[in-house]
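Colleague: Have a look at this one before I ask anything.
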Amino acid sequence: KLNWVSDEGGSSLANGRPACTVLGAAVSTQELGPVTLRYPAHGGSQLRSRMVLLPQQASLKLEPRDATSGRLCFSNWGINTARVLGAPVQQHVKRENDALLLEVTVARGERAPEWLEIELGWPHTTYPVRFRALFPASGVRAFNGEGHELQSGAHLALQQVLGSRLVINDSNHLGGMELRIGLPDGRGLRSYPLRVLNGAVKLEIPVLDYLADIQQLLTIDDSADAMVAMTVLKRGNIQFSLHIARYSAVLERESANVYLAGEGLKWVSQEELENLPVLAMRLEHPEDEPMALNPRYSEGVVTRAWGFEPEKRESGSWLIYPGAESSVPFRPTLWPIAGDTTTENPLAKAINISDQRGRIEAIDGVIADMT
């Protein structure tokens, strides 16, 4: 049946019947899939249009698995092929009864597209149809400024916040989302409802938007290893967490070397390690030129260690720290070397005490005398 619809929205049954011709098929008894509709079936043509006809019981269901994968269920469409065009996804097609299932997965490190362009095929025609559908995803992912994917619980340094973002996908309903920011022990907790436009299925949250909150919270905890937790919740359930600290790595002492440790090194290349400026300065003589430490190699490959060789250094307190051009914001370390020092500065003498407890007590005493 064909109905005429007026500009005012009124509808009336058209006289005669339309005719359908299946595209891509010389002869077909099925008026299904890509067709050309002509009205009336006989005589002069008043209407001619290409369209896709589906059975009345046809349906499409999006079934997200997580933030990077899911499947599209084409029930009663009569199709026998489906494939994704263009997008960097892995795909697999299988049939279950009257449904064709298209499973899609985004490769690790790649961002899930909001939309998929899918080519559909019917067994009675060689004419394919392109169809646009939402990517079936549900979950939260995070990426740093270089585009590397971060896992839940990953650490970022303040210096690495620029360009880092949380990406929330939900092809069914992006609602009831909340962002909480606070110290891991619960202090300073603040909550922000995440508001989205009606019908939106994707939300990106730049971490930089919350830099003021992060910096303020870090002032609450004076520990060098203090960190702030950013947590995404959906209806009260934790979906993803990200930790932001002052440093992405820690410089440790071992034998004659210093070495870097920490999750923030995961994306540091061999070239970056080889060119990382690691400097040492004796605090008793800050006017002296800092000494650049040489990286250590193992079988010709640069390691995460640099040679300091304390037995070759003058007595005093040596601060080992990153140079201004360092791409890795690591926490500096102090390496006291016992022995006589020429300074008469009480603070410098206190810093030079090798025992940690004694050093802290002496520094507290100097500060108390100063106040």
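By order of appearance in the structure tokens: chains A, B, ..., then residues from 1 within every chain, and ligands from 1 in the order shown.
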Report as a list in words all protein, DNA and RNA residues lying within 12 Å of Asp98 in chain A, evaluated on only C-alpha atoms, omitting residues in the same chain fewer than 3 positions from it.

Modeller: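 Residues meeting the cut-off are Pro55, Gln57, Ala58, Ser59, Cys73, Phe74, Ser75, Asn76, Trp77, Gly78, Ile79, Asn80, Lys94, Arg95 and Leu101 of chain A.
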
Colleague: Residues within 12 Å of Gly236 in chain A, please, as an NGL selection string. Count only C-alpha atoms; anything in the same chain fewer than 3 positions from it doesn't count.

Modeller: :A and (175-180 or 191 or 193 or 231-233 or 239-240)

Colleague: CA of Ser12 in chain A and CA of Leu54 in chain A are how many Å apart?

Modeller: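 The value is 23.0 Å.
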
Colleague: Measuring atom to atom with only C-alpha atoms, identify which of A:Val140, A:Pro88, A:Tyr127, A:Leu2 is nearest to Ala26 in chain A.

Modeller: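 Of all the options, A:Tyr127 lies closest to Ala26 in chain A.
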
Colleague: In Å to one decimal, how far is CA of Val161 in chain A from CA of Val207 in chain A?

Modeller: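 Separation between CA of Val207 in chain A and CA of Val161 in chain A: 6.1 Å.
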
Colleague: With only C-alpha atoms as the atoms that count, which of A:Glu299, A:Val328, A:Leu251, A:Asp66 lies nearest to Leu273 in chain A?

Modeller: A:Val328
